[in-house]
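**Student:** Enclosed is the structure file target_20.cif (mmCIF, C-alpha atoms, pLDDT in the B column; chains and numbers go by the auth columns).
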```cif
data_start
loop_
_atom_site.group_PDB
_atom_site.id
_atom_site.type_symbol
_atom_site.label_atom_id
_atom_site.label_comp_id
_atom_site.label_asym_id
_atom_site.label_seq_id
_atom_site.Cartn_x
_atom_site.Cartn_y
_atom_site.Cartn_z
_atom_site.B_iso_or_equiv
_atom_site.auth_seq_id
_atom_site.auth_asym_id
ATOM 1 C CA MET A 1 14.608 -17.504 13.579 93.00 3 H
ATOM 2 C CA ARG A 2 13.040 -20.949 13.867 95.00 4 H
ATOM 3 C CA ASP A 3 13.978 -21.201 17.553 95.00 5 H
ATOM 4 C CA LEU A 4 12.572 -17.750 18.303 96.00 6 H
ATOM 5 C CA LEU A 5 9.261 -18.606 16.645 97.00 7 H
ATOM 6 C CA VAL A 6 9.041 -21.955 18.462 97.00 8 H
ATOM 7 C CA GLU A 7 9.691 -20.132 21.743 96.00 9 H
ATOM 8 C CA GLU A 8 6.924 -17.667 20.843 96.00 10 H
ATOM 9 C CA ARG A 9 4.542 -20.610 20.210 96.00 11 H
ATOM 10 C CA VAL A 10 3.398 -19.139 16.914 98.00 12 H
ATOM 11 C CA GLY A 11 0.312 -20.448 15.176 98.00 13 H
ATOM 12 C CA THR A 12 0.061 -17.901 12.377 98.00 14 H
ATOM 13 C CA VAL A 13 2.934 -16.134 10.605 98.00 15 H
ATOM 14 C CA VAL A 14 2.969 -13.624 7.751 98.00 16 H
ATOM 15 C CA GLU A 15 6.070 -13.560 5.558 98.00 17 H
ATOM 16 C CA VAL A 16 6.911 -10.845 3.030 98.00 18 H
ATOM 17 C CA GLY A 17 9.208 -12.190 0.304 97.00 19 H
ATOM 18 C CA LEU A 18 9.676 -15.888 -0.426 97.00 20 H
ATOM 19 C CA GLY A 19 12.651 -15.937 -2.794 94.00 21 H
ATOM 20 C CA TYR A 20 14.285 -19.359 -2.666 94.00 22 H
ATOM 21 C CA GLY A 21 12.295 -20.421 0.407 95.00 23 H
ATOM 22 C CA SER A 22 14.941 -20.973 3.082 95.00 24 H
ATOM 23 C CA SER A 23 13.298 -18.692 5.650 96.00 25 H
ATOM 24 C CA ALA A 24 9.876 -20.116 4.805 97.00 26 H
ATOM 25 C CA LEU A 25 11.172 -23.618 5.595 97.00 27 H
ATOM 26 C CA ALA A 26 12.366 -22.422 9.010 97.00 28 H
ATOM 27 C CA ILE A 27 9.022 -20.742 9.656 98.00 29 H
ATOM 28 C CA GLY A 28 7.144 -23.854 8.530 97.00 30 H
ATOM 29 C CA GLU A 29 9.161 -26.013 10.910 96.00 31 H
ATOM 30 C CA ALA A 30 8.502 -23.571 13.759 97.00 32 H
ATOM 31 C CA LEU A 31 4.771 -23.630 13.043 97.00 33 H
ATOM 32 C CA LEU A 32 4.699 -27.437 13.108 96.00 34 H
ATOM 33 C CA ARG A 33 6.840 -27.663 16.267 95.00 35 H
ATOM 34 C CA SER A 34 4.686 -25.124 18.109 93.00 36 H
ATOM 35 C CA GLY A 35 1.786 -27.546 18.204 89.00 37 H
ATOM 36 C CA SER A 36 -0.870 -25.123 17.020 89.00 38 H
ATOM 37 C CA PRO A 37 -4.034 -26.990 15.987 91.00 39 H
ATOM 38 C CA GLY A 38 -4.293 -24.989 12.750 94.00 40 H
ATOM 39 C CA PRO A 39 -0.891 -23.589 11.752 97.00 41 H
ATOM 40 C CA ARG A 40 -1.039 -20.965 9.028 98.00 42 H
ATOM 41 C CA HIS A 41 1.746 -19.311 7.048 98.00 43 H
ATOM 42 C CA VAL A 42 0.787 -16.530 4.638 98.00 44 H
ATOM 43 C CA VAL A 43 3.639 -15.777 2.233 98.00 45 H
ATOM 44 C CA ILE A 44 3.450 -12.688 0.029 98.00 46 H
ATOM 45 C CA ASP A 45 5.702 -12.548 -3.022 97.00 47 H
ATOM 46 C CA PRO A 46 4.590 -11.067 -6.355 96.00 48 H
ATOM 47 C CA PHE A 47 7.852 -12.160 -8.000 95.00 49 H
ATOM 48 C CA GLN A 48 7.948 -15.806 -6.919 95.00 50 H
ATOM 49 C CA HIS A 49 7.126 -17.178 -10.352 93.00 51 H
ATOM 50 C CA SER A 50 8.681 -14.421 -12.484 93.00 52 H
ATOM 51 C CA ALA A 51 12.016 -13.693 -10.784 91.00 53 H
ATOM 52 C CA TYR A 52 12.480 -16.967 -8.877 91.00 54 H
ATOM 53 C CA GLU A 53 10.798 -19.376 -11.313 93.00 55 H
ATOM 54 C CA GLY A 54 8.678 -20.788 -8.466 94.00 56 H
ATOM 55 C CA VAL A 55 11.680 -22.385 -6.750 96.00 57 H
ATOM 56 C CA GLY A 56 10.693 -21.286 -3.234 96.00 58 H
ATOM 57 C CA TRP A 57 7.098 -22.459 -3.648 96.00 59 H
ATOM 58 C CA GLU A 58 8.225 -25.821 -5.085 96.00 60 H
ATOM 59 C CA LEU A 59 10.560 -26.285 -2.113 96.00 61 H
ATOM 60 C CA LEU A 60 7.718 -25.668 0.362 97.00 62 H
ATOM 61 C CA CYS A 61 5.442 -28.095 -1.486 96.00 63 H
ATOM 62 C CA SER A 62 8.133 -30.782 -1.650 97.00 64 H
ATOM 63 C CA ALA A 63 8.608 -30.376 2.121 96.00 65 H
ATOM 64 C CA GLY A 64 4.894 -31.114 2.610 95.00 66 H
ATOM 65 C CA LEU A 65 4.047 -27.583 3.749 96.00 67 H
ATOM 66 C CA ASP A 66 1.542 -26.774 0.996 92.00 68 H
ATOM 67 C CA GLY A 67 -1.304 -27.513 3.432 94.00 69 H
ATOM 68 C CA VAL A 68 0.026 -24.883 5.857 96.00 70 H
ATOM 69 C CA VAL A 69 1.377 -22.234 3.485 97.00 71 H
ATOM 70 C CA GLU A 70 -0.650 -19.887 1.306 97.00 72 H
ATOM 71 C CA LEU A 71 1.209 -18.031 -1.450 97.00 73 H
ATOM 72 C CA VAL A 72 -0.097 -14.584 -2.350 98.00 74 H
ATOM 73 C CA ARG A 73 1.334 -13.235 -5.604 96.00 75 H
ATOM 74 C CA GLU A 74 0.703 -9.506 -5.284 96.00 76 H
ATOM 75 C CA PRO A 75 2.543 -6.566 -3.700 97.00 77 H
ATOM 76 C CA SER A 76 2.642 -6.778 0.085 98.00 78 H
ATOM 77 C CA GLN A 77 1.770 -3.094 0.470 96.00 79 H
ATOM 78 C CA ARG A 78 -1.639 -3.801 -1.066 96.00 80 H
ATOM 79 C CA PHE A 79 -2.351 -7.230 0.375 98.00 81 H
ATOM 80 C CA LEU A 80 -1.336 -6.388 3.964 98.00 82 H
ATOM 81 C CA ALA A 81 -3.782 -3.469 3.913 98.00 83 H
ATOM 82 C CA ARG A 82 -6.606 -5.865 3.014 98.00 84 H
ATOM 83 C CA LEU A 83 -5.530 -8.333 5.709 98.00 85 H
ATOM 84 C CA ALA A 84 -5.600 -5.535 8.284 98.00 86 H
ATOM 85 C CA ASP A 85 -9.019 -4.370 7.087 98.00 87 H
ATOM 86 C CA ALA A 86 -10.317 -7.944 7.405 98.00 88 H
ATOM 87 C CA GLY A 87 -9.130 -8.149 11.032 98.00 89 H
ATOM 88 C CA PHE A 88 -6.527 -10.847 10.294 98.00 90 H
ATOM 89 C CA VAL A 89 -4.266 -11.569 13.282 98.00 91 H
ATOM 90 C CA ALA A 90 -0.822 -13.179 13.213 98.00 92 H
ATOM 91 C CA ASP A 91 1.525 -14.092 16.034 98.00 93 H
ATOM 92 C CA ALA A 92 4.632 -13.033 14.141 98.00 94 H
ATOM 93 C CA ALA A 93 5.925 -11.752 10.818 98.00 95 H
ATOM 94 C CA PHE A 94 9.104 -12.021 8.803 98.00 96 H
ATOM 95 C CA VAL A 95 9.998 -9.266 6.331 98.00 97 H
ATOM 96 C CA ASP A 96 12.465 -9.752 3.481 97.00 98 H
ATOM 97 C CA GLY A 97 10.666 -8.164 0.543 96.00 99 H
ATOM 98 C CA SER A 98 11.282 -4.800 -1.054 95.00 100 H
ATOM 99 C CA HIS A 99 14.168 -2.872 0.433 96.00 101 H
ATOM 100 C CA LEU A 100 12.842 0.518 -0.675 97.00 102 H
ATOM 101 C CA PHE A 101 12.202 2.695 2.381 97.00 103 H
ATOM 102 C CA HIS A 102 8.599 3.522 1.528 97.00 104 H
ATOM 103 C CA ASN A 103 7.697 -0.117 0.858 98.00 105 H
ATOM 104 C CA VAL A 104 9.334 -1.346 4.067 98.00 106 H
ATOM 105 C CA PHE A 105 7.611 1.438 6.013 98.00 107 H
ATOM 106 C CA VAL A 106 4.182 0.529 4.617 98.00 108 H
ATOM 107 C CA ASP A 107 4.778 -3.182 5.284 98.00 109 H
ATOM 108 C CA LEU A 108 5.726 -2.437 8.894 98.00 110 H
ATOM 109 C CA HIS A 109 2.764 -0.121 9.353 98.00 111 H
ATOM 110 C CA PHE A 110 0.275 -2.811 8.364 98.00 112 H
ATOM 111 C CA LEU A 111 2.154 -5.573 10.165 98.00 113 H
ATOM 112 C CA GLY A 112 1.874 -3.408 13.290 98.00 114 H
ATOM 113 C CA GLU A 113 -1.890 -3.742 12.890 97.00 115 H
ATOM 114 C CA ILE A 114 -1.842 -7.438 11.962 98.00 116 H
ATOM 115 C CA VAL A 115 0.676 -8.905 14.414 98.00 117 H
ATOM 116 C CA ARG A 116 -0.947 -9.344 17.815 98.00 118 H
ATOM 117 C CA PRO A 117 0.080 -7.038 20.649 98.00 119 H
ATOM 118 C CA GLY A 118 3.233 -8.461 22.212 98.00 120 H
ATOM 119 C CA GLY A 119 4.004 -10.402 19.011 98.00 121 H
ATOM 120 C CA VAL A 120 7.263 -10.381 17.102 98.00 122 H
ATOM 121 C CA VAL A 121 8.386 -8.939 13.770 98.00 123 H
ATOM 122 C CA VAL A 122 11.685 -10.186 12.324 98.00 124 H
ATOM 123 C CA LEU A 123 13.406 -8.331 9.482 97.00 125 H
ATOM 124 C CA ASP A 124 16.233 -9.332 7.211 95.00 126 H
ATOM 125 C CA ASP A 125 18.798 -6.823 5.978 94.00 127 H
ATOM 126 C CA VAL A 126 18.349 -4.345 8.835 94.00 128 H
ATOM 127 C CA TRP A 127 21.857 -3.124 8.075 91.00 129 H
ATOM 128 C CA TRP A 128 20.595 -1.543 4.829 93.00 130 H
ATOM 129 C CA PRO A 129 20.024 2.188 5.464 94.00 131 H
ATOM 130 C CA SER A 130 16.522 2.090 3.936 96.00 132 H
ATOM 131 C CA VAL A 131 15.390 -0.803 6.140 97.00 133 H
ATOM 132 C CA ALA A 132 17.123 0.585 9.238 95.00 134 H
ATOM 133 C CA ALA A 133 15.433 3.972 8.768 97.00 135 H
ATOM 134 C CA ALA A 134 11.980 2.410 8.504 97.00 136 H
ATOM 135 C CA VAL A 135 12.552 0.304 11.620 97.00 137 H
ATOM 136 C CA ALA A 136 13.886 3.335 13.497 96.00 138 H
ATOM 137 C CA TYR A 137 10.502 5.044 13.190 96.00 139 H
ATOM 138 C CA PHE A 138 8.661 2.082 14.717 97.00 140 H
ATOM 139 C CA GLU A 139 11.179 1.876 17.561 95.00 141 H
ATOM 140 C CA SER A 140 11.132 5.574 18.396 93.00 142 H
ATOM 141 C CA HIS A 141 7.442 6.346 17.821 94.00 143 H
ATOM 142 C CA LEU A 142 5.499 3.119 18.266 95.00 144 H
ATOM 143 C CA GLY A 143 7.387 1.315 21.009 95.00 145 H
ATOM 144 C CA TRP A 144 8.812 -1.618 19.048 97.00 146 H
ATOM 145 C CA VAL A 145 11.574 -3.084 21.211 97.00 147 H
ATOM 146 C CA PRO A 146 14.639 -4.752 19.664 96.00 148 H
ATOM 147 C CA LEU A 147 15.230 -8.264 20.971 95.00 149 H
ATOM 148 C CA ALA A 148 19.007 -8.118 21.115 87.00 150 H
ATOM 149 C CA ASP A 149 19.664 -11.798 21.866 87.00 151 H
ATOM 150 C CA ALA A 150 16.780 -13.298 19.884 89.00 152 H
ATOM 151 C CA LEU A 151 18.825 -14.394 16.872 88.00 153 H
ATOM 152 C CA PRO A 152 22.144 -15.744 18.184 83.00 154 H
ATOM 153 C CA GLY A 153 24.662 -16.816 15.597 76.00 155 H
ATOM 154 C CA GLY A 154 22.988 -14.914 12.761 78.00 156 H
ATOM 155 C CA THR A 155 24.910 -13.677 9.770 77.00 157 H
ATOM 156 C CA ALA A 156 26.445 -10.213 9.582 78.00 158 H
ATOM 157 C CA ASP A 157 27.167 -7.672 6.875 77.00 159 H
ATOM 158 C CA PRO A 158 30.679 -8.513 5.669 79.00 160 H
ATOM 159 C CA VAL A 159 31.753 -4.848 5.528 82.00 161 H
ATOM 160 C CA SER A 160 30.296 -3.327 8.717 81.00 162 H
ATOM 161 C CA GLY A 161 29.954 -6.475 10.805 79.00 163 H
ATOM 162 C CA ARG A 162 26.421 -5.425 11.801 80.00 164 H
ATOM 163 C CA PRO A 163 23.843 -8.214 12.127 84.00 165 H
ATOM 164 C CA ARG A 164 21.741 -8.823 9.005 90.00 166 H
ATOM 165 C CA MET A 165 18.562 -9.691 10.898 94.00 167 H
ATOM 166 C CA GLY A 166 16.694 -7.959 13.681 95.00 168 H
ATOM 167 C CA ALA A 167 13.777 -9.066 15.844 97.00 169 H
ATOM 168 C CA TYR A 168 11.356 -6.633 17.467 98.00 170 H
ATOM 169 C CA ARG A 169 8.701 -7.108 20.149 98.00 171 H
ATOM 170 C CA LEU A 170 5.524 -5.129 19.591 98.00 172 H
ATOM 171 C CA PRO A 171 4.081 -3.350 22.628 97.00 173 H
ATOM 172 C CA ASP A 172 1.192 -4.931 24.532 96.00 174 H
ATOM 173 C CA ALA A 173 -0.997 -1.962 23.681 91.00 175 H
ATOM 174 C CA ARG A 174 -0.896 -0.267 20.299 89.00 176 H
ATOM 175 C CA PRO A 175 0.217 3.309 20.895 88.00 177 H
ATOM 176 C CA VAL A 176 -1.347 6.204 19.057 89.00 178 H
ATOM 177 C CA PRO A 177 1.409 8.741 18.434 86.00 179 H
ATOM 178 C CA ASP A 178 0.720 12.428 18.875 87.00 180 H
ATOM 179 C CA PHE A 179 1.549 14.288 15.663 88.00 181 H
ATOM 180 C CA LYS A 180 2.600 17.318 17.719 88.00 182 H
ATOM 181 C CA ALA A 181 5.247 15.233 19.476 86.00 183 H
ATOM 182 C CA PHE A 182 6.806 13.953 16.257 89.00 184 H
ATOM 183 C CA ARG A 183 10.602 13.895 16.344 86.00 185 H
ATOM 184 C CA PRO A 184 13.263 12.845 13.847 88.00 186 H
ATOM 185 C CA PHE A 185 13.987 9.136 14.014 86.00 187 H
ATOM 186 C CA CYS A 186 17.113 8.610 11.947 81.00 188 H
#
```
Kindly return the structure encoded in the file as structure tokens.

**Tutor:**
Amino acid sequence: MRDLLVEERVGTVVEVGLGYGSSALAIGEALLRSGSPGPRHVVIDPFQHSAYEGVGWELLCSAGLDGVVELVREPSQRFLARLADAGFVADAAFVDGSHLFHNVFVDLHFLGEIVRPGGVVVLDDVWWPSVAAAVAYFESHLGWVPLADALPGGTADPVSGRPRMGAYRLPDARPVPDFKAFRPFC
């Protein structure tokens, strides 16, 4: 993921789910390597201090990224809506938060408004049926294009062999779907 984000020359990234911080470290490195004059990494995780005892946040701080990273400790479905309303723009996003279909769907909806046209959204656990179904809607109805070779050497589900992560390019223009043309997506 780091290499993809460096290639994309990201300056601002939104991450949903911090956990133990390994993906946030990769994103932080990509932000610093991209050479943006004001790199910004907004991480949303309401459970960082309750379920993970702050381990991910401590790791980011010990790596010297606390000046780049902002930790938001509330549900992404609420905070992303406020970011979108405020006109916040990111170059990319990484999603590894709730795996409930409706939460993933809402996250992707608002990230579709936040991530700049032509930007990239990367998701972990796309092999989970709930995550795959949410992504399928954005592919089939909103023109998100899978970047098949964007994450070479990534891990796979041990049972199915399917890749765990997926990267998607947002269209250059935000489509407005016609409700009359709605079709099943999974």

**Student:** Set the distance at 12 Å and use only C-alpha atoms: which residues neighbour Trp129 in chain H once local chain neighbours fewer than 5 positions away are removed? I'd like the list as a PDB file with C-alpha atoms, in the coordinates of the input.

**Tutor:**
```
ATOM      1  CA  HIS H 101      14.168  -2.872   0.433  1.00 96.00           C
ATOM      2  CA  ALA H 134      17.123   0.585   9.238  1.00 95.00           C
ATOM      3  CA  ALA H 135      15.433   3.972   8.768  1.00 97.00           C
ATOM      4  CA  ALA H 136      11.980   2.410   8.504  1.00 97.00           C
ATOM      5  CA  VAL H 137      12.552   0.304  11.620  1.00 97.00           C
ATOM      6  CA  ALA H 138      13.886   3.335  13.497  1.00 96.00           C
ATOM      7  CA  THR H 157      24.910 -13.677   9.770  1.00 77.00           C
ATOM      8  CA  ALA H 158      26.445 -10.213   9.582  1.00 78.00           C
ATOM      9  CA  ASP H 159      27.167  -7.672   6.875  1.00 77.00           C
ATOM     10  CA  PRO H 160      30.679  -8.513   5.669  1.00 79.00           C
ATOM     11  CA  VAL H 161      31.753  -4.848   5.528  1.00 82.00           C
ATOM     12  CA  SER H 162      30.296  -3.327   8.717  1.00 81.00           C
ATOM     13  CA  GLY H 163      29.954  -6.475  10.805  1.00 79.00           C
ATOM     14  CA  ARG H 164      26.421  -5.425  11.801  1.00 80.00           C
ATOM     15  CA  PRO H 165      23.843  -8.214  12.127  1.00 84.00           C
ATOM     16  CA  ARG H 166      21.741  -8.823   9.005  1.00 90.00           C
ATOM     17  CA  MET H 167      18.562  -9.691  10.898  1.00 94.00           C
ATOM     18  CA  GLY H 168      16.694  -7.959  13.681  1.00 95.00           C
TER      19      GLY H 168
END
```

**Student:** Using all atoms listed in the file, pick whichever of H:Gly30, H:Val15, H:Pro77, H:Ala175 has the shortest atom-to-atom distance to Ser100 in chain H.

**Tutor:**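 For Ser100 in chain H, the nearest of the given residues is H:Pro77.
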
**Student:** Considering all atoms listed in the file, can you say which of H:Leu27, H:Gly66, H:Gly56, H:Val91 comes closest to Gly13 in chain H?

**Tutor:** H:Val91

**Student:** Return the single residue from H:Trp146, H:Phe103, H:Phe112, H:Tyr170 that is closest to Pro131 in chain H, with distances computed using only C-alpha atoms.

**Tutor:**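 Among the listed residues, H:Phe103 lies closest to Pro131 in chain H.
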
**Student:** For Gly156 in chain H, which residue among H:Val71, H:Asp127, H:Ala183, H:Pro173 is the nearest when counting all atoms listed in the file?

**Tutor:**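 Looking only at the distances to Gly156 in chain H, the closest residue turns out to be H:Asp127.
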
**Student:** Where does the PyMOL selection byres ((chain H and resi 149) around 10) land in this file, that is, which residues does it pick, as JSON, numbers by chain?

**Tutor:** {"H": [122, 123, 124, 146, 147, 148, 150, 151, 152, 153, 168, 169, 170, 171]}

**Student:** Restricting the calculation to all atoms listed in the file, which member of H:Leu82, H:Val70, H:Leu172, H:Ala94 is positioned closest to Leu34 in chain H?

**Tutor:**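 Among the listed residues, the smallest separation from Leu34 in chain H belongs to H:Val70.
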
**Student:** Under the rule that all atoms listed in the file are counted, which of H:Val44, H:Leu33, H:Ser24, H:Phe96 is the nearest residue to Leu61 in chain H?

**Tutor:**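 Between H:Val44, H:Leu33, H:Ser24, H:Phe96, the residue approaching Leu61 in chain H most closely is H:Ser24.
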
**Student:** Can you work out the spacing between CA of Ala53 in chain H and CA of Arg80 in chain H in Å, to one decimal?

**Tutor:**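 So the answer is 19.5 Å.
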
**Student:** Run the PyMOL selection byres ((chain H and resi 81) around 12) on the file and write out the hits as a PyMOL selection string.

**Tutor:** chain H and resi 16-18+44-48+73-80+82-88+90+108-109+112-113+116

**Student:** For CA of Arg185 in chain H and CA of Arg118 in chain H, determine how far apart the two atoms are, in Å to one decimal place.

**Tutor:**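 Interatomic distance here is 26.0 Å.
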
**Student:** If I take CA of His143 in chain H and CA of Asn105 in chain H, how far is one from the other in Å, to one decimal?

**Tutor:**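 Going from CA of His143 in chain H over to CA of Asn105 in chain H covers 18.2 Å.
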
**Student:** When the PyMOL selection byres ((chain H and resi 10) around 9) is applied to the file above, which residues end up in the set, as a ChimeraX atom specification?

**Tutor:** /H:5-9,11-12,36,93-94,121-122

**Student:** Please work out which residues fall within 6 Å of (2.9, 8.1, 20.3), coordinates as given in the file, with all atoms listed in the file counting, and return them as a PyMOL selection string.

**Tutor:** chain H and resi 143-144+177-180

**Student:** When you look at Gly69 in chain H with a cut-off of 10 Å (counting only C-alpha atoms), what residues show up, excluding the ones that are within fewer than 5 positions of it in the same chain? I need them as a list in words.

**Tutor:**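 Using only C-alpha atoms, the neighbours found are Pro41, Arg42, His43, Leu62 and Cys63 of chain H.
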
**Student:** Please produce a file of those selected residues containing C-alpha atoms, as an mmCIF file, keeping the file's coordinate frame.

**Tutor:**
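Printed below is part_7.cif as written:
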```cif
data_model
loop_
_atom_site.group_PDB
_atom_site.id
_atom_site.type_symbol
_atom_site.label_atom_id
_atom_site.label_comp_id
_atom_site.auth_asym_id
_atom_site.auth_seq_id
_atom_site.Cartn_x
_atom_site.Cartn_y
_atom_site.Cartn_z
ATOM 1 C CA PRO H 41 -0.891 -23.589 11.752
ATOM 2 C CA ARG H 42 -1.039 -20.965 9.028
ATOM 3 C CA HIS H 43 1.746 -19.311 7.048
ATOM 4 C CA LEU H 62 7.718 -25.668 0.362
ATOM 5 C CA CYS H 63 5.442 -28.095 -1.486
#
```
